[in-house]
Amino acid sequence: MIATSILLLYDILKFILFLYTFDIVRCMERQNPWQDTTFAAEYMREAGNPERGWYEHFVNFPSIVRLIPEDARRILDFGCGPGDFTAKLANHYSSVDGCDNSRAMLELATQAYPEATFFEWDFIDEPPADKEPYDVIVAKAVVHFIEDIELLVQRFKELLDDSGVVIISVPHPVQTVKKVDNYWHETPYTQQIGQYDLYDTMIHRSIEWYISAFTQGEFVLSGIEEPDVPPEILSKYGANSTDYQMPKRLNLRFQKS
Ligand SMILES: C[S@@+](CC[C@H](N)C(=O)[O-])C[C@H]1O[C@@H](n2cnc3c(N)ncnc32)[C@H](O)[C@@H]1O
């Protein structure tokens, strides 16, 4: 009887330990959803599909490319995710690297585009010492996840050559202001990502805020686009024009001064 009770207690303790461990893992996933391999694969399928992601492929990508200087040589795609945008850039420019802090994303990117160069890096850490300076850094759909923009701007400066440029592409503040209650305040908001039980915190910032963050870090604003959707693209993808009366993205180019 005593032995049975001890065994039962042991099983209960094991079960509690399992639940506890499971919860810790879930919490970690919630802290960085980009590390979740299932989500990374789903993101890659969605992002890489031009029919589903037509706005990124046919409106935002050309806008970013217009901001890249014609004589660009070495480009870094910071926060490259599954690498489809890195690979597209590599079709246009001779030397393109992609970096991300998510191993799950980088594994997918390396498998899909073995000819491209990807490396793991979180801007919180010192930049990798073995990289030649870049003349362009592109950060597409990543800066609005990052809290410490001051450090990010500093890191970009360290990675760029003397006249290098950074191009950031973020959700336009006229869209993100709908999630918060004040246009001018820098305000985090949490949003579900995709169809998964995954959430991440993003930050609403005004146009002025983004520009000041870079000019205070000794960059000058040298280009801006709020890409409009041409009518032929709206009709090709059966999009409702009233949904596209305001810009979806804000694309800014800053030059190191
Ligand atoms: C929305 S995805 C964008 C991916 C890709 N640039 C695109 O446009 O499809 C954001 C990416 O930023 C990466 N990321 C977030 N925080 C990061 C950090 N601190 N350092 C490096 N990468 C980061 C995530 O891992 C994720 O792959």
# chains A, B, ... in the order shown; residues from 1 in each chain; ligands from 1
$ residues_around --residues "Asp100 of chain A" --least-positions-apart "4" --cutoff "12 Å" --atoms "only C-alpha atoms" --output "ChimeraX atom specification"
/A:34-35,76-83,86,104-110,117-125,139-140,142
$ write_last_selection --atoms "N, CA and C atoms" --output "compact mmCIF listing (two decimals), in the first residue's frame"
# COMPACT_ATOMS: atom_id res chain seq x y z
N TRP A 34 10.21 33.57 -33.85
CA TRP A 34 10.94 33.31 -35.08
C TRP A 34 11.82 32.07 -34.96
N GLN A 35 12.03 31.59 -33.74
CA GLN A 35 12.83 30.37 -33.54
C GLN A 35 11.98 29.11 -33.73
N LEU A 76 24.07 43.75 -47.40
CA LEU A 76 23.68 42.85 -46.30
C LEU A 76 22.17 42.95 -46.13
N ASP A 77 21.50 41.79 -46.14
CA ASP A 77 20.06 41.73 -45.87
C ASP A 77 19.92 41.37 -44.39
N PHE A 78 19.73 42.40 -43.56
CA PHE A 78 19.66 42.18 -42.10
C PHE A 78 18.25 41.71 -41.73
N GLY A 79 18.18 40.61 -40.93
CA GLY A 79 16.87 40.04 -40.56
C GLY A 79 16.27 39.37 -41.77
N CYS A 80 17.10 38.55 -42.44
CA CYS A 80 16.74 38.01 -43.76
C CYS A 80 15.63 36.97 -43.71
N GLY A 81 15.31 36.44 -42.51
CA GLY A 81 14.27 35.42 -42.43
C GLY A 81 14.63 34.22 -43.30
N PRO A 82 13.65 33.69 -44.07
CA PRO A 82 13.93 32.48 -44.86
C PRO A 82 14.71 32.74 -46.14
N GLY A 83 15.16 33.97 -46.37
CA GLY A 83 16.14 34.23 -47.42
C GLY A 83 15.61 34.46 -48.82
N THR A 86 16.69 37.86 -49.88
CA THR A 86 18.16 37.87 -50.07
C THR A 86 18.48 37.29 -51.46
N ALA A 104 16.30 28.73 -36.97
CA ALA A 104 15.25 28.03 -37.75
C ALA A 104 15.13 28.68 -39.13
N MET A 105 15.13 30.01 -39.16
CA MET A 105 15.03 30.74 -40.43
C MET A 105 16.27 30.48 -41.29
N LEU A 106 17.44 30.55 -40.65
CA LEU A 106 18.68 30.40 -41.42
C LEU A 106 18.83 29.01 -42.01
N GLU A 107 18.34 27.99 -41.26
CA GLU A 107 18.42 26.63 -41.81
C GLU A 107 17.60 26.53 -43.08
N LEU A 108 16.39 27.11 -43.05
CA LEU A 108 15.53 27.08 -44.25
C LEU A 108 16.19 27.85 -45.39
N ALA A 109 16.75 29.01 -45.06
CA ALA A 109 17.36 29.86 -46.09
C ALA A 109 18.54 29.12 -46.76
N THR A 110 19.37 28.49 -45.92
CA THR A 110 20.57 27.81 -46.46
C THR A 110 20.18 26.63 -47.33
N THR A 117 25.07 33.39 -49.22
CA THR A 117 25.81 33.34 -47.95
C THR A 117 24.91 33.85 -46.84
N PHE A 118 24.71 33.01 -45.84
CA PHE A 118 23.90 33.42 -44.68
C PHE A 118 24.74 33.24 -43.43
N PHE A 119 24.55 34.13 -42.46
CA PHE A 119 25.23 33.92 -41.18
C PHE A 119 24.32 34.34 -40.04
N GLU A 120 24.59 33.72 -38.86
CA GLU A 120 23.76 33.98 -37.69
C GLU A 120 24.33 35.18 -36.95
N TRP A 121 23.48 36.17 -36.71
CA TRP A 121 23.95 37.35 -35.96
C TRP A 121 22.75 38.08 -35.38
N ASP A 122 22.88 38.43 -34.09
CA ASP A 122 21.90 39.29 -33.43
C ASP A 122 22.61 40.62 -33.21
N PHE A 123 21.96 41.72 -33.57
CA PHE A 123 22.66 43.02 -33.49
C PHE A 123 23.05 43.38 -32.06
N ILE A 124 22.49 42.67 -31.07
CA ILE A 124 22.87 42.90 -29.67
C ILE A 124 24.36 42.57 -29.50
N ASP A 125 24.83 41.61 -30.29
CA ASP A 125 26.24 41.19 -30.20
C ASP A 125 27.12 42.06 -31.09
N ALA A 139 17.11 46.39 -44.34
CA ALA A 139 16.42 45.74 -43.22
C ALA A 139 14.93 45.79 -43.53
N LYS A 140 14.43 44.68 -44.09
CA LYS A 140 13.02 44.65 -44.53
C LYS A 140 12.17 43.92 -43.49
N VAL A 142 11.83 44.26 -40.26
CA VAL A 142 12.49 43.81 -39.03
C VAL A 142 12.62 44.91 -37.98
$ closest_residue --among "A:Gly238, A:Gly53, A:Pro62, A:Pro247" --to "His92 of chain A" --atoms "only C-alpha atoms"
A:Pro62
$ closest_residue --among "A:Pro227, A:Pro50, A:Pro33, A:Gly217" --to "Glu150 of chain A" --atoms "only C-alpha atoms"
A:Gly217
$ closest_residue --among "A:Leu159, A:Val143, A:Glu186, A:Tyr43" --to "Ala129 of chain A" --atoms "only C-alpha atoms"
A:Leu159
$ select_by_dssp --residues "segment 22-198 of chain A" --states "strand (DSSP E)" --output "PyMOL selection string"
chain A and resi 74-78+95-100+117-120+134-140+160-171+187-192
$ select_by_dssp --residues "segment 12-241 of chain A" --states "alpha helix (DSSP H)" --output "JSON, numbers by chain"
{"A": [12, 13, 14, 15, 16, 17, 18, 19, 20, 21, 22, 23, 24, 25, 26, 27, 28, 29, 30, 31, 37, 38, 39, 40, 41, 42, 43, 44, 45, 46, 47, 48, 54, 55, 61, 62, 63, 64, 65, 66, 67, 84, 85, 86, 87, 88, 89, 90, 91, 92, 103, 104, 105, 106, 107, 108, 109, 110, 111, 112, 149, 150, 151, 152, 153, 154, 155, 156, 157, 158, 159, 173, 174, 175, 176, 207, 208, 209, 210, 211, 212, 213, 214, 215, 231, 232, 233, 234, 235, 236]}
$ residues_around --residues "Leu234 of chain A" --least-positions-apart "5" --cutoff "10 Å" --atoms "only C-alpha atoms" --output "JSON, numbers by chain"
{"A": [54, 55, 229, 239, 240, 241, 244]}
$ residues_around --residues "Ile75 of chain A" --least-positions-apart "2" --cutoff "9 Å" --atoms "only C-alpha atoms" --output "PyMOL selection string"
chain A and resi 72-73+77+89-90+93-98+134-138
$ closest_residue --among "A:Val174, A:Ile146, A:Ile168, A:Leu151" --to "ligand 1" --atoms "only C-alpha atoms and all ligand atoms"
A:Ile146
$ closest_atom_pairs --of "segment 32-114 of chain A" --to "segment 188-199 of chain A" --cutoff "12 Å" --atoms "only C-alpha atoms" --output "Markdown table"
| residue | atom | partner | partner_atom | distance |
| --- | --- | --- | --- | --- |
| A:Asn32 | CA | A:Tyr199 | CA | 8.7 |
| A:Pro33 | CA | A:Leu198 | CA | 6.1 |
| A:Trp34 | CA | A:Leu198 | CA | 9.2 |
| A:Gln35 | CA | A:Leu198 | CA | 10.8 |
| A:Asp36 | CA | A:Leu198 | CA | 9.0 |
| A:Thr37 | CA | A:Tyr196 | CA | 11.9 |
| A:Thr38 | CA | A:Tyr196 | CA | 9.2 |
| A:Phe39 | CA | A:Tyr196 | CA | 7.3 |
| A:Ala40 | CA | A:Gly194 | CA | 10.5 |
| A:Ala41 | CA | A:Gly194 | CA | 11.5 |
| A:Glu42 | CA | A:Gly194 | CA | 8.3 |
| A:Tyr43 | CA | A:Gly194 | CA | 7.8 |
| A:Met44 | CA | A:Gly194 | CA | 11.5 |
| A:Arg45 | CA | A:Gly194 | CA | 11.5 |
| A:Glu46 | CA | A:Gly194 | CA | 9.3 |
| A:Ala47 | CA | A:Gly194 | CA | 11.1 |
$ write_last_selection --atoms "all heavy atoms" --output "short mmCIF file (atom, residue, chain, number, x, y, z; two decimals), in the first residue's frame"
data_model
loop_
_atom_site.label_atom_id
_atom_site.label_comp_id
_atom_site.auth_asym_id
_atom_site.auth_seq_id
_atom_site.Cartn_x
_atom_site.Cartn_y
_atom_site.Cartn_z
N ASN A 32 10.51 34.44 -28.53
CA ASN A 32 11.05 34.60 -29.86
C ASN A 32 10.39 33.62 -30.81
O ASN A 32 10.90 32.55 -31.09
CB ASN A 32 12.57 34.41 -29.88
CG ASN A 32 13.12 34.80 -31.24
OD1 ASN A 32 12.36 35.03 -32.19
ND2 ASN A 32 14.42 34.90 -31.35
N PRO A 33 9.23 34.02 -31.35
CA PRO A 33 8.48 33.11 -32.21
C PRO A 33 9.24 32.73 -33.46
O PRO A 33 8.99 31.70 -34.06
CB PRO A 33 7.22 33.90 -32.56
CG PRO A 33 7.53 35.31 -32.27
CD PRO A 33 8.55 35.31 -31.17
N TRP A 34 10.21 33.57 -33.85
CA TRP A 34 10.94 33.31 -35.08
C TRP A 34 11.82 32.07 -34.96
O TRP A 34 12.33 31.56 -35.95
CB TRP A 34 11.78 34.53 -35.47
CG TRP A 34 10.91 35.74 -35.57
CD1 TRP A 34 10.79 36.73 -34.64
CD2 TRP A 34 9.98 36.04 -36.61
NE1 TRP A 34 9.85 37.64 -35.06
CE2 TRP A 34 9.34 37.25 -36.26
CE3 TRP A 34 9.62 35.43 -37.81
CZ2 TRP A 34 8.37 37.85 -37.06
CZ3 TRP A 34 8.67 36.02 -38.61
CH2 TRP A 34 8.06 37.21 -38.22
N GLN A 35 12.03 31.59 -33.74
CA GLN A 35 12.83 30.37 -33.54
C GLN A 35 11.98 29.11 -33.73
O GLN A 35 12.51 28.01 -33.71
CB GLN A 35 13.43 30.33 -32.13
CG GLN A 35 14.36 31.48 -31.80
CD GLN A 35 15.69 31.38 -32.53
OE1 GLN A 35 15.94 30.47 -33.31
NE2 GLN A 35 16.55 32.36 -32.31
N ASP A 36 10.69 29.27 -33.86
CA ASP A 36 9.78 28.12 -33.97
C ASP A 36 9.88 27.55 -35.40
O ASP A 36 9.57 28.24 -36.37
CB ASP A 36 8.36 28.61 -33.67
CG ASP A 36 7.34 27.49 -33.76
OD1 ASP A 36 7.22 26.85 -34.83
OD2 ASP A 36 6.66 27.27 -32.76
N THR A 37 10.32 26.28 -35.51
CA THR A 37 10.59 25.74 -36.84
C THR A 37 9.32 25.59 -37.68
O THR A 37 9.34 25.82 -38.89
CB THR A 37 11.30 24.36 -36.74
OG1 THR A 37 10.59 23.58 -35.80
CG2 THR A 37 12.73 24.51 -36.31
N THR A 38 8.20 25.23 -37.03
CA THR A 38 6.95 25.09 -37.79
C THR A 38 6.53 26.44 -38.35
O THR A 38 6.14 26.57 -39.51
CB THR A 38 5.82 24.55 -36.87
OG1 THR A 38 6.33 23.47 -36.14
CG2 THR A 38 4.60 24.15 -37.65
N PHE A 39 6.62 27.45 -37.49
CA PHE A 39 6.23 28.79 -37.94
C PHE A 39 7.17 29.29 -39.03
O PHE A 39 6.73 29.89 -40.02
CB PHE A 39 6.21 29.78 -36.77
CG PHE A 39 6.01 31.18 -37.23
CD1 PHE A 39 4.81 31.56 -37.81
CD2 PHE A 39 7.04 32.10 -37.17
CE1 PHE A 39 4.63 32.84 -38.30
CE2 PHE A 39 6.86 33.38 -37.65
CZ PHE A 39 5.66 33.76 -38.21
N ALA A 40 8.49 29.02 -38.85
CA ALA A 40 9.46 29.48 -39.86
C ALA A 40 9.12 28.89 -41.23
O ALA A 40 9.14 29.59 -42.25
CB ALA A 40 10.88 29.10 -39.44
N ALA A 41 8.76 27.59 -41.25
CA ALA A 41 8.42 26.94 -42.52
C ALA A 41 7.16 27.55 -43.13
O ALA A 41 7.08 27.78 -44.34
CB ALA A 41 8.26 25.44 -42.31
N GLU A 42 6.17 27.82 -42.28
CA GLU A 42 4.92 28.43 -42.75
C GLU A 42 5.20 29.84 -43.30
O GLU A 42 4.71 30.22 -44.36
CB GLU A 42 3.91 28.49 -41.59
CG GLU A 42 2.62 29.25 -41.88
CD GLU A 42 1.74 28.56 -42.92
OE1 GLU A 42 2.04 27.41 -43.27
OE2 GLU A 42 0.79 29.21 -43.39
N TYR A 43 6.03 30.59 -42.57
CA TYR A 43 6.37 31.95 -43.01
C TYR A 43 7.05 31.89 -44.37
O TYR A 43 6.76 32.69 -45.26
CB TYR A 43 7.28 32.62 -41.97
CG TYR A 43 7.61 34.05 -42.32
CD1 TYR A 43 6.76 35.08 -41.93
CD2 TYR A 43 8.74 34.38 -43.05
CE1 TYR A 43 7.04 36.41 -42.26
CE2 TYR A 43 9.02 35.69 -43.39
CZ TYR A 43 8.18 36.70 -42.99
OH TYR A 43 8.46 38.00 -43.32
N MET A 44 7.95 30.91 -44.52
CA MET A 44 8.66 30.80 -45.79
C MET A 44 7.69 30.50 -46.94
O MET A 44 7.79 31.09 -48.02
CB MET A 44 9.71 29.69 -45.71
CG MET A 44 10.51 29.56 -46.98
SD MET A 44 11.79 28.36 -46.79
CE MET A 44 13.00 28.96 -47.96
N ARG A 45 6.74 29.59 -46.68
CA ARG A 45 5.76 29.25 -47.74
C ARG A 45 4.96 30.49 -48.12
O ARG A 45 4.74 30.76 -49.30
CB ARG A 45 4.80 28.15 -47.25
CG ARG A 45 5.32 26.74 -47.50
CD ARG A 45 4.22 25.71 -47.38
NE ARG A 45 3.60 25.71 -46.07
CZ ARG A 45 4.10 25.09 -45.00
NH1 ARG A 45 5.23 24.42 -45.11
NH2 ARG A 45 3.47 25.13 -43.84
N GLU A 46 4.52 31.24 -47.11
CA GLU A 46 3.69 32.42 -47.38
C GLU A 46 4.51 33.51 -48.07
O GLU A 46 4.11 34.05 -49.09
CB GLU A 46 3.13 32.99 -46.07
CG GLU A 46 2.12 32.09 -45.39
CD GLU A 46 0.79 32.05 -46.12
OE1 GLU A 46 0.32 33.11 -46.54
OE2 GLU A 46 0.24 30.95 -46.27
N ALA A 47 5.69 33.82 -47.45
CA ALA A 47 6.49 34.94 -47.96
C ALA A 47 7.04 34.64 -49.35
O ALA A 47 7.17 35.55 -50.17
CB ALA A 47 7.64 35.24 -47.00
#
$ closest_residue --among "A:Lys88, A:Arg253, A:Arg66, A:His204" --to "ligand 1" --atoms "only C-alpha atoms and all ligand atoms"
A:Lys88
$ closest_residue --among "A:Glu225, A:Asp200, A:Glu208, A:Asp243" --to "ligand 1" --atoms "only C-alpha atoms and all ligand atoms"
A:Asp200
